[in-house]
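Asks: Attaching a single structure in structure tokens format; questions to follow.
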Amino acid sequence: MSAAPRYVDTDVHERAELEDLLPYLPSVWHKYITEYGWTPERMNPYAQPTAGGLDRADAKPGDGRPAGSSLELLREQLLDEFGIQQAILTGWLSATALQEGWTEFKTALMSAYNDWQVENWLQREERLYGSIQINAWDPEAAAREIDRMAEHPRMVQVMLYIGGEPFGSPRYHPIFAAAERHGLVIGIHHSESSAPALGRHRYYAEWHTLISQVCMAQAVSLIFNGVFEKFPDLKAILIEGGFSYVPHLMWRADQQWRELRHEVPWCKRQPSRVIRENLRFASQPIEEFTSAGLLTLLDQMGSDELVCLSTDYPHWDFDSPEQSLPIGFPDELARKIFSENALATYARLPAELPLAGGARA
Amino acid sequence: MSSETVAKRRLSIPAAELGPGQMLGLRLGELPVVVLRTAEGELRAFVDRCVHQGARLSGGRLHGSGIDAEEVGEYRPLEGESVLKCPWHGYEYDASSGCALFDRRRRLRKVAVEQVDGQIILSA
């Protein structure tokens, strides 16, 4: 590629420690963290047996705080290192992925998280864009939180972290309505609470291999429950599950739709068409493709506009923007994956970059 | 590193700066290099780029032993076989040969290294 490509990174994880959120959380809730020790539950029985656990071994700030907690290091290792002009924060803490219960506390915690995100990340670095974190177990309150945070111009997405619930259920419609109303993308992301089809297998390698299962499960739920028929302008992106499963999903869902559409008569469009019109896929974790292999996969997807670059910084399976696409992959298609597809997906993400300041023109 | 002396494609550091089980990321001219001493004391140097996505391996881990098994459920340490592990996706290399443990045809590029008179000398 002759000139430096424009990169839009659709998956960057900023990280708070719970104590960081206290200044943004009503005081009535403080003691549950400071005195009673509430922490998000951990569901997986395994360690993450990588060089740095959850995170890149080289992305820890060195002061004892977790990777993703330092804006300065994120600038150095991601934004500046690769010349990424726009990056979308996708968060760390999501009540949606946790078990249901104690809704009041968790809804308040998500509001605190959003305010923390704005003040500590979006206001300090204009190359960063935000995702609204919600507690989807309380859809009405989640919709109010979306309305509140949508007033911030650099919020571009609403995150739905996957726990054990398929998101196609009508109970979640207030969330989709609010997102569509504000032109926000729905970002769907797996979590430790996401068990694959047969539950938690014996090894982390199995769990991580099967992440694509929960991505497919959510896509199927949204499609066959008619979410995109009711909210036709809504876009959702499946994040951190890769995209090599998409042709299988399209072929399989189309066949079921042809055979069983009387059961779901509200589904007017063929599922593969719904996917091409309403769903997008973040690239990471990308497999080691050959150029010919990746071109075949995109051809099978029937569109080169569905995959958006994501690095997943600072997690251990970070994909380098410079190295994740195979050698010999056509520049024109790389540009689509690197930036054009994301810009066409995220209605609130500016296509024009500011000429001065932190962002680069 | 103040104690380095750099010439064109040649670099030396005091041997005392690299003990068993330790590694350092350096630059030999423009070339990123990881120099390491295995738990057994072998001195090795490789181009400091993972064969997968180019991460600097010197930011990863140097383990003093690998793990092997013949049976499901067995975790058998391979003493004396140091493993260099990428900081990103965890690709593992035999720290002596530079070969990836999952496919020995994929290997790190070696960089010449020797210890002379208390100095580790790298050249390329």
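In the structure tokens, chains take letters A, B, ... by order of appearance, with residues numbered from 1 within each chain and ligands from 1 in the order shown.
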Taking 2 positions as the minimum chain separation for residues in the same chain, which residues sit within 12 Å of range 17-19 of chain B when counting only C-alpha atoms? Answer as a ChimeraX atom specification.

Replies: /B:1-4,12-15,21-25,34-45,62,115,118-120

Asks: Store the residues picked out above, limited to N, CA and C atoms, as a PDB file, in the first residue's frame.

Replies:
ATOM      1  N   MET B   1      20.495   1.818  27.119  1.00  0.00           N
ATOM      2  CA  MET B   1      21.380   1.112  28.045  1.00  0.00           C
ATOM      3  C   MET B   1      22.762   1.760  27.977  1.00  0.00           C
ATOM      4  N   SER B   2      23.210   2.364  29.053  1.00  0.00           N
ATOM      5  CA  SER B   2      24.414   3.169  29.006  1.00  0.00           C
ATOM      6  C   SER B   2      25.666   2.337  28.755  1.00  0.00           C
ATOM      7  N   SER B   3      25.626   1.060  29.125  1.00  0.00           N
ATOM      8  CA  SER B   3      26.825   0.256  29.018  1.00  0.00           C
ATOM      9  C   SER B   3      27.006  -0.345  27.623  1.00  0.00           C
ATOM     10  N   GLU B   4      26.076  -0.089  26.721  1.00  0.00           N
ATOM     11  CA  GLU B   4      26.224  -0.618  25.378  1.00  0.00           C
ATOM     12  C   GLU B   4      27.257   0.177  24.602  1.00  0.00           C
ATOM     13  N   SER B  12      27.892  -4.745  21.849  1.00  0.00           N
ATOM     14  CA  SER B  12      28.319  -5.555  22.981  1.00  0.00           C
ATOM     15  C   SER B  12      27.699  -5.029  24.266  1.00  0.00           C
ATOM     16  N   ILE B  13      27.407  -5.962  25.140  1.00  0.00           N
ATOM     17  CA  ILE B  13      26.899  -5.596  26.462  1.00  0.00           C
ATOM     18  C   ILE B  13      27.647  -6.443  27.487  1.00  0.00           C
ATOM     19  N   PRO B  14      27.748  -5.948  28.692  1.00  0.00           N
ATOM     20  CA  PRO B  14      28.409  -6.755  29.725  1.00  0.00           C
ATOM     21  C   PRO B  14      27.641  -8.048  29.977  1.00  0.00           C
ATOM     22  N   ALA B  15      28.374  -9.142  30.054  1.00  0.00           N
ATOM     23  CA  ALA B  15      27.734 -10.446  30.244  1.00  0.00           C
ATOM     24  C   ALA B  15      26.943 -10.500  31.546  1.00  0.00           C
ATOM     25  N   GLY B  21      17.997 -17.526  32.343  1.00  0.00           N
ATOM     26  CA  GLY B  21      16.550 -17.292  32.374  1.00  0.00           C
ATOM     27  C   GLY B  21      16.160 -15.864  32.077  1.00  0.00           C
ATOM     28  N   GLN B  22      17.110 -15.062  31.616  1.00  0.00           N
ATOM     29  CA  GLN B  22      16.804 -13.658  31.323  1.00  0.00           C
ATOM     30  C   GLN B  22      16.939 -13.387  29.827  1.00  0.00           C
ATOM     31  N   MET B  23      16.263 -12.341  29.378  1.00  0.00           N
ATOM     32  CA  MET B  23      16.404 -11.910  27.990  1.00  0.00           C
ATOM     33  C   MET B  23      16.344 -10.388  27.925  1.00  0.00           C
ATOM     34  N   LEU B  24      16.878  -9.856  26.827  1.00  0.00           N
ATOM     35  CA  LEU B  24      16.900  -8.417  26.607  1.00  0.00           C
ATOM     36  C   LEU B  24      16.495  -8.127  25.166  1.00  0.00           C
ATOM     37  N   GLY B  25      15.755  -7.046  24.977  1.00  0.00           N
ATOM     38  CA  GLY B  25      15.454  -6.573  23.635  1.00  0.00           C
ATOM     39  C   GLY B  25      16.402  -5.439  23.293  1.00  0.00           C
ATOM     40  N   VAL B  34      16.442 -10.016  20.072  1.00  0.00           N
ATOM     41  CA  VAL B  34      16.270 -10.501  21.438  1.00  0.00           C
ATOM     42  C   VAL B  34      17.456 -11.409  21.741  1.00  0.00           C
ATOM     43  N   VAL B  35      18.165 -11.089  22.798  1.00  0.00           N
ATOM     44  CA  VAL B  35      19.277 -11.937  23.231  1.00  0.00           C
ATOM     45  C   VAL B  35      18.875 -12.547  24.567  1.00  0.00           C
ATOM     46  N   LEU B  36      19.143 -13.821  24.701  1.00  0.00           N
ATOM     47  CA  LEU B  36      18.675 -14.523  25.898  1.00  0.00           C
ATOM     48  C   LEU B  36      19.721 -15.520  26.365  1.00  0.00           C
ATOM     49  N   ARG B  37      19.596 -15.844  27.644  1.00  0.00           N
ATOM     50  CA  ARG B  37      20.406 -16.925  28.204  1.00  0.00           C
ATOM     51  C   ARG B  37      19.421 -17.921  28.815  1.00  0.00           C
ATOM     52  N   THR B  38      19.462 -19.140  28.332  1.00  0.00           N
ATOM     53  CA  THR B  38      18.515 -20.138  28.834  1.00  0.00           C
ATOM     54  C   THR B  38      18.844 -20.482  30.285  1.00  0.00           C
ATOM     55  N   ALA B  39      17.922 -21.209  30.897  1.00  0.00           N
ATOM     56  CA  ALA B  39      18.143 -21.635  32.279  1.00  0.00           C
ATOM     57  C   ALA B  39      19.393 -22.489  32.391  1.00  0.00           C
ATOM     58  N   GLU B  40      19.743 -23.142  31.290  1.00  0.00           N
ATOM     59  CA  GLU B  40      20.943 -23.988  31.282  1.00  0.00           C
ATOM     60  C   GLU B  40      22.199 -23.200  30.939  1.00  0.00           C
ATOM     61  N   GLY B  41      22.034 -21.924  30.664  1.00  0.00           N
ATOM     62  CA  GLY B  41      23.203 -21.081  30.428  1.00  0.00           C
ATOM     63  C   GLY B  41      23.561 -20.849  28.975  1.00  0.00           C
ATOM     64  N   GLU B  42      22.799 -21.426  28.043  1.00  0.00           N
ATOM     65  CA  GLU B  42      23.086 -21.213  26.626  1.00  0.00           C
ATOM     66  C   GLU B  42      22.775 -19.772  26.226  1.00  0.00           C
ATOM     67  N   LEU B  43      23.640 -19.208  25.429  1.00  0.00           N
ATOM     68  CA  LEU B  43      23.436 -17.848  24.932  1.00  0.00           C
ATOM     69  C   LEU B  43      22.883 -17.930  23.523  1.00  0.00           C
ATOM     70  N   ARG B  44      21.786 -17.238  23.270  1.00  0.00           N
ATOM     71  CA  ARG B  44      21.167 -17.248  21.944  1.00  0.00           C
ATOM     72  C   ARG B  44      20.680 -15.841  21.602  1.00  0.00           C
ATOM     73  N   ALA B  45      20.592 -15.556  20.326  1.00  0.00           N
ATOM     74  CA  ALA B  45      20.015 -14.286  19.884  1.00  0.00           C
ATOM     75  C   ALA B  45      19.222 -14.536  18.606  1.00  0.00           C
ATOM     76  N   LEU B  62      10.283 -15.842  29.033  1.00  0.00           N
ATOM     77  CA  LEU B  62      11.267 -16.900  28.815  1.00  0.00           C
ATOM     78  C   LEU B  62      11.093 -17.886  29.955  1.00  0.00           C
ATOM     79  N   GLN B 115      30.144 -14.849  23.718  1.00  0.00           N
ATOM     80  CA  GLN B 115      30.624 -14.183  24.929  1.00  0.00           C
ATOM     81  C   GLN B 115      32.139 -14.240  24.937  1.00  0.00           C
ATOM     82  N   GLY B 118      33.959 -11.480  29.152  1.00  0.00           N
ATOM     83  CA  GLY B 118      32.937 -10.822  29.972  1.00  0.00           C
ATOM     84  C   GLY B 118      31.995  -9.936  29.189  1.00  0.00           C
ATOM     85  N   GLN B 119      32.064  -9.976  27.871  1.00  0.00           N
ATOM     86  CA  GLN B 119      31.161  -9.195  27.024  1.00  0.00           C
ATOM     87  C   GLN B 119      30.348 -10.124  26.141  1.00  0.00           C
ATOM     88  N   ILE B 120      29.076  -9.808  26.001  1.00  0.00           N
ATOM     89  CA  ILE B 120      28.242 -10.491  25.011  1.00  0.00           C
ATOM     90  C   ILE B 120      28.311  -9.662  23.735  1.00  0.00           C
TER      91      ILE B 120
END

Asks: For chain A, report every residue with an atom at most 8 Å from chain B (counting only C-alpha atoms), formatted as a list of chain:residue names.

Replies: A:Thr50, A:Ala51, A:Gly52, A:Asp55, A:Arg56, A:Ala57, A:Asp58, A:His315, A:Trp316, A:Asp317, A:Phe318, A:Asp319, A:Ser320, A:Gln323, A:Ser324

Asks: Print the selection's residues with C-alpha atoms to a file, as a compact mmCIF listing (two decimals), in the first residue's frame.

Replies:
# COMPACT_ATOMS: atom_id res chain seq x y z
CA THR A 50 -0.96 -16.85 27.70
CA ALA A 51 2.20 -14.84 28.29
CA GLY A 52 0.24 -12.09 30.07
CA ASP A 55 -3.70 -9.06 28.31
CA ARG A 56 -0.66 -8.66 26.14
CA ALA A 57 2.35 -9.25 28.36
CA ASP A 58 3.88 -6.03 27.05
CA HIS A 315 -5.86 -8.25 25.13
CA TRP A 316 -3.48 -11.13 24.50
CA ASP A 317 -4.90 -11.98 21.10
CA PHE A 318 -4.34 -8.44 19.82
CA ASP A 319 -4.16 -8.23 16.03
CA SER A 320 -1.61 -5.92 14.50
CA GLN A 323 0.24 -7.79 9.98
CA SER A 324 -3.25 -9.20 10.28

Asks: Using DSSP on the backbone coordinates, identify all residues within range 5-132 of chain A classified as helix (DSSP H, G or I); present the result as a PyMOL selection string.

Replies: chain A and resi 18-24+27-34+71-82+95-97+103-122

Asks: Leaving out Val274 in chain A and any residue of its chain fewer than 6 positions from it, which residues lie within 10 Å of it when counting only C-alpha atoms, given as number ranges by chain?

Replies: A: 219, 222-223, 226, 228-229, 232, 250, 267-268

Asks: Restricted to N, CA and C atoms, what would the selected residues look like written as a compact mmCIF listing (two decimals), in the first residue's frame?

Replies:
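Just written: out_10.txt:
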# COMPACT_ATOMS: atom_id res chain seq x y z
N ALA A 219 -26.51 -13.70 16.43
CA ALA A 219 -26.95 -13.31 15.09
C ALA A 219 -28.25 -14.03 14.73
N LEU A 222 -31.19 -12.51 16.74
CA LEU A 222 -31.63 -11.20 16.23
C LEU A 222 -32.40 -11.36 14.92
N ILE A 223 -31.92 -12.24 14.05
CA ILE A 223 -32.53 -12.41 12.73
C ILE A 223 -33.92 -13.04 12.85
N GLY A 226 -36.77 -11.19 14.40
CA GLY A 226 -37.26 -10.05 13.64
C GLY A 226 -36.78 -8.70 14.11
N PHE A 228 -34.35 -6.89 13.12
CA PHE A 228 -33.99 -5.96 12.04
C PHE A 228 -35.17 -5.70 11.10
N GLU A 229 -36.26 -6.43 11.27
CA GLU A 229 -37.49 -6.07 10.56
C GLU A 229 -38.17 -4.93 11.32
N PRO A 232 -35.30 -1.48 11.10
CA PRO A 232 -34.55 -1.72 9.85
C PRO A 232 -33.30 -0.85 9.70
N MET A 250 -24.69 -17.88 7.04
CA MET A 250 -25.59 -17.43 5.98
C MET A 250 -26.28 -18.61 5.29
N CYS A 267 -40.22 -12.62 9.49
CA CYS A 267 -38.92 -12.51 8.82
C CYS A 267 -39.16 -12.40 7.32
N LYS A 268 -39.15 -11.19 6.82
CA LYS A 268 -39.49 -10.96 5.41
C LYS A 268 -38.29 -11.12 4.49

Asks: Please list as an mmCIF file with all heavy atoms, in the first residue's frame every residue within 7 Å of Cys215 in chain A, counting only C-alpha atoms and excluding residues in the same chain fewer than 3 positions away.

Replies:
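So out-v3.cif came out as:
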data_model
loop_
_atom_site.group_PDB
_atom_site.id
_atom_site.type_symbol
_atom_site.label_atom_id
_atom_site.label_comp_id
_atom_site.auth_asym_id
_atom_site.auth_seq_id
_atom_site.Cartn_x
_atom_site.Cartn_y
_atom_site.Cartn_z
ATOM 1 N N ILE A 211 -15.813 -19.372 20.741
ATOM 2 C CA ILE A 211 -16.425 -18.049 20.892
ATOM 3 C C ILE A 211 -17.347 -17.740 19.714
ATOM 4 O O ILE A 211 -18.403 -17.117 19.868
ATOM 5 C CB ILE A 211 -15.334 -16.969 21.036
ATOM 6 C CG1 ILE A 211 -14.710 -17.052 22.429
ATOM 7 C CG2 ILE A 211 -15.904 -15.576 20.797
ATOM 8 C CD1 ILE A 211 -13.483 -16.178 22.605
ATOM 9 N N SER A 212 -16.955 -18.202 18.541
ATOM 10 C CA SER A 212 -17.788 -17.927 17.372
ATOM 11 C C SER A 212 -19.185 -18.520 17.525
ATOM 12 O O SER A 212 -20.141 -18.030 16.917
ATOM 13 C CB SER A 212 -17.113 -18.463 16.108
ATOM 14 O OG SER A 212 -16.760 -19.818 16.270
ATOM 15 N N GLN A 218 -26.158 -15.236 18.746
ATOM 16 C CA GLN A 218 -26.790 -13.915 18.834
ATOM 17 C C GLN A 218 -27.273 -13.439 17.469
ATOM 18 O O GLN A 218 -28.349 -12.836 17.360
ATOM 19 C CB GLN A 218 -25.818 -12.906 19.452
ATOM 20 C CG GLN A 218 -25.480 -13.168 20.917
ATOM 21 C CD GLN A 218 -26.675 -13.039 21.859
ATOM 22 O OE1 GLN A 218 -27.802 -12.771 21.439
ATOM 23 N NE2 GLN A 218 -26.443 -13.234 23.145
ATOM 24 N N ALA A 219 -26.509 -13.700 16.433
ATOM 25 C CA ALA A 219 -26.953 -13.309 15.085
ATOM 26 C C ALA A 219 -28.253 -14.027 14.732
ATOM 27 O O ALA A 219 -29.210 -13.413 14.235
ATOM 28 C CB ALA A 219 -25.858 -13.629 14.063
ATOM 29 N N LEU A 238 -20.729 -7.742 15.437
ATOM 30 C CA LEU A 238 -20.273 -8.821 16.314
ATOM 31 C C LEU A 238 -18.770 -8.680 16.473
ATOM 32 O O LEU A 238 -18.014 -8.737 15.496
ATOM 33 C CB LEU A 238 -20.662 -10.168 15.720
ATOM 34 C CG LEU A 238 -22.181 -10.415 15.839
ATOM 35 C CD1 LEU A 238 -22.691 -11.292 14.734
ATOM 36 C CD2 LEU A 238 -22.523 -10.989 17.200
ATOM 37 N N GLY A 241 -15.150 -12.094 17.720
ATOM 38 C CA GLY A 241 -15.447 -13.481 17.406
ATOM 39 C C GLY A 241 -14.921 -13.895 16.046
ATOM 40 O O GLY A 241 -15.193 -14.993 15.573
#

Asks: Quick one, how far is CA of Val111 in chain B from CA of Ala124 in chain B?

Replies: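 Atom-to-atom, CA of Val111 in chain B and CA of Ala124 in chain B are spaced 6.3 Å apart.
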
Asks: Leaving out Leu22 in chain A and any residue of its chain fewer than 6 positions from it, which residues lie within 12 Å of it when counting only C-alpha atoms, given as a list in words?

Replies: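 The residues satisfying every condition are Ala16, Val28, Trp29, His30, Lys31, Tyr32, Ile33, Thr34, Ala108, Leu109, Met110, Ser111, Ala112, Tyr113, Asp115 and Trp116 of chain A.
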
Asks: Hey, what's within 6 Å of Ser65 in chain B if we count only C-alpha atoms and toss same-chain stuff fewer than 4 positions away? As a ChimeraX atom specification, please?

Replies: /B:78-82

Asks: Could you check how far CA of Cys50 in chain B sits from CA of Ser96 in chain B, in Å to one decimal?

Replies: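 Taking CA of Cys50 in chain B and CA of Ser96 in chain B, their separation equals 15.4 Å.
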
Asks: Just checking: using only C-alpha atoms, which residue out of A:Val156, A:Ile275, A:Ala282, A:Ala67 ends up closest to Ala347 in chain A?

Replies: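 Going through A:Val156, A:Ile275, A:Ala282, A:Ala67 one by one, the smallest distance to Ala347 in chain A is for A:Val156.
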
Asks: Could I get the residues of range 27-99 of chain A with an atom no further than 12 Å from an atom of range 326-338 of chain A, each paired with its nearest atom pair and that distance in Å to one decimal, using only C-alpha atoms, sorted by chain and residue number, as a Markdown table?

Replies:
| residue | atom | partner | partner_atom | distance |
| --- | --- | --- | --- | --- |
| A:Phe82 | CA | A:Phe338 | CA | 11.8 |
| A:Gly83 | CA | A:Phe338 | CA | 11.7 |
| A:Ile84 | CA | A:Phe338 | CA | 9.7 |
| A:Gln85 | CA | A:Phe338 | CA | 10.8 |
| A:Gln86 | CA | A:Phe338 | CA | 10.7 |
| A:Ala87 | CA | A:Phe338 | CA | 11.4 |

Asks: Could the residues in this selection be written to a file with all heavy atoms, as a compact mmCIF listing (two decimals), in the first residue's frame?

Replies:
# COMPACT_ATOMS: atom_id res chain seq x y z
N PHE A 82 0.71 2.55 15.40
CA PHE A 82 0.15 2.12 14.12
C PHE A 82 -0.51 3.26 13.34
O PHE A 82 -1.04 3.03 12.26
CB PHE A 82 -0.86 0.99 14.34
CG PHE A 82 -0.24 -0.24 14.95
CD1 PHE A 82 -0.39 -0.52 16.30
CD2 PHE A 82 0.54 -1.10 14.18
CE1 PHE A 82 0.19 -1.65 16.87
CE2 PHE A 82 1.13 -2.23 14.75
CZ PHE A 82 0.96 -2.50 16.10
N GLY A 83 -0.50 4.46 13.89
CA GLY A 83 -1.14 5.57 13.20
C GLY A 83 -2.65 5.40 13.09
O GLY A 83 -3.24 5.72 12.06
N ILE A 84 -3.25 4.91 14.15
CA ILE A 84 -4.71 4.72 14.14
C ILE A 84 -5.38 6.06 14.41
O ILE A 84 -5.14 6.71 15.42
CB ILE A 84 -5.11 3.67 15.20
CG1 ILE A 84 -4.63 2.29 14.72
CG2 ILE A 84 -6.62 3.67 15.44
CD1 ILE A 84 -4.81 1.18 15.72
N GLN A 85 -6.21 6.47 13.47
CA GLN A 85 -6.82 7.80 13.56
C GLN A 85 -8.10 7.80 14.38
O GLN A 85 -8.49 8.82 14.94
CB GLN A 85 -7.10 8.35 12.16
CG GLN A 85 -5.85 8.62 11.35
CD GLN A 85 -5.46 7.45 10.46
OE1 GLN A 85 -5.80 6.31 10.75
NE2 GLN A 85 -4.72 7.73 9.39
N GLN A 86 -8.82 6.69 14.38
CA GLN A 86 -10.07 6.61 15.14
C GLN A 86 -10.15 5.22 15.77
O GLN A 86 -9.94 4.21 15.09
CB GLN A 86 -11.28 6.85 14.22
CG GLN A 86 -11.36 8.28 13.70
CD GLN A 86 -12.25 8.39 12.48
OE1 GLN A 86 -12.00 7.74 11.48
NE2 GLN A 86 -13.29 9.20 12.57
N ALA A 87 -10.44 5.21 17.06
CA ALA A 87 -10.55 3.93 17.76
C ALA A 87 -11.78 3.97 18.67
O ALA A 87 -12.03 4.98 19.34
CB ALA A 87 -9.29 3.66 18.58

Asks: To one decimal place, how far is CA of Pro66 in chain A from CA of Pro32 in chain B in Å?

Replies: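 One can read the CA of Pro66 in chain A to CA of Pro32 in chain B distance as 26.7 Å.
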
Asks: What's the 12 Å shell around Ser69 in chain A, counting only C-alpha atoms, without same-chain residues fewer than 6 positions away, as a VMD selection string?

Replies: chain A and resid 12 to 18 20 55 59 to 63 75 91 to 92 116 to 117 120 to 121 313 to 314

Asks: Take the residues from that selection and write them out as a compact mmCIF listing (two decimals), in the first residue's frame, keeping N, CA and C atoms.

Replies:
# COMPACT_ATOMS: atom_id res chain seq x y z
N VAL A 12 -11.28 -1.58 21.16
CA VAL A 12 -10.19 -1.22 22.07
C VAL A 12 -10.76 -1.22 23.49
N HIS A 13 -10.11 -1.95 24.37
CA HIS A 13 -10.64 -2.11 25.72
C HIS A 13 -9.93 -1.20 26.71
N GLU A 14 -10.63 -0.16 27.12
CA GLU A 14 -10.16 0.63 28.25
C GLU A 14 -10.53 -0.11 29.53
N ARG A 15 -9.82 0.18 30.59
CA ARG A 15 -10.01 -0.61 31.80
C ARG A 15 -10.07 0.30 33.02
N ALA A 16 -11.09 0.11 33.82
CA ALA A 16 -11.20 0.80 35.10
C ALA A 16 -10.94 -0.19 36.22
N GLU A 17 -10.52 0.29 37.34
CA GLU A 17 -10.64 -0.48 38.56
C GLU A 17 -11.86 0.06 39.28
N LEU A 18 -12.52 -0.79 40.05
CA LEU A 18 -13.80 -0.39 40.62
C LEU A 18 -13.69 0.90 41.42
N ASP A 20 -11.96 3.39 40.78
CA ASP A 20 -11.96 4.54 39.87
C ASP A 20 -13.36 5.07 39.62
N ASP A 55 -4.26 -10.17 29.09
CA ASP A 55 -3.70 -9.06 28.31
C ASP A 55 -2.36 -9.40 27.67
N ALA A 59 1.72 -5.00 27.59
CA ALA A 59 0.78 -3.88 27.65
C ALA A 59 0.42 -3.49 29.09
N LYS A 60 1.12 -4.03 30.04
CA LYS A 60 0.83 -3.68 31.44
C LYS A 60 1.64 -2.45 31.81
N PRO A 61 1.01 -1.47 32.44
CA PRO A 61 1.71 -0.21 32.69
C PRO A 61 2.93 -0.34 33.60
N GLY A 62 3.02 -1.38 34.38
CA GLY A 62 4.19 -1.54 35.25
C GLY A 62 4.03 -0.94 36.62
N ASP A 63 2.86 -0.35 36.88
CA ASP A 63 2.63 0.24 38.20
C ASP A 63 1.63 -0.60 39.00
N ARG A 75 -1.90 5.22 23.92
CA ARG A 75 -1.45 6.09 22.81
C ARG A 75 -0.17 5.55 22.19
N GLY A 91 -14.87 -1.12 26.29
CA GLY A 91 -15.12 -1.31 27.71
C GLY A 91 -14.54 -2.57 28.32
N TRP A 92 -14.86 -2.67 29.59
CA TRP A 92 -14.37 -3.79 30.37
C TRP A 92 -15.49 -4.35 31.25
N TRP A 116 -17.27 8.00 33.78
CA TRP A 116 -15.82 7.82 33.92
C TRP A 116 -15.15 7.74 32.55
N GLN A 117 -15.78 7.01 31.65
CA GLN A 117 -15.23 6.85 30.30
C GLN A 117 -15.12 8.20 29.59
N ASN A 120 -12.34 10.49 31.45
CA ASN A 120 -10.96 10.01 31.50
C ASN A 120 -10.40 9.56 30.16
N TRP A 121 -11.25 9.36 29.20
CA TRP A 121 -10.77 8.87 27.90
C TRP A 121 -11.21 9.80 26.77
N TYR A 313 -6.92 -4.40 21.37
CA TYR A 313 -5.94 -3.92 22.34
C TYR A 313 -6.61 -3.73 23.69
N PRO A 314 -6.02 -4.09 24.80
CA PRO A 314 -4.68 -4.65 25.02
C PRO A 314 -4.72 -6.16 25.27
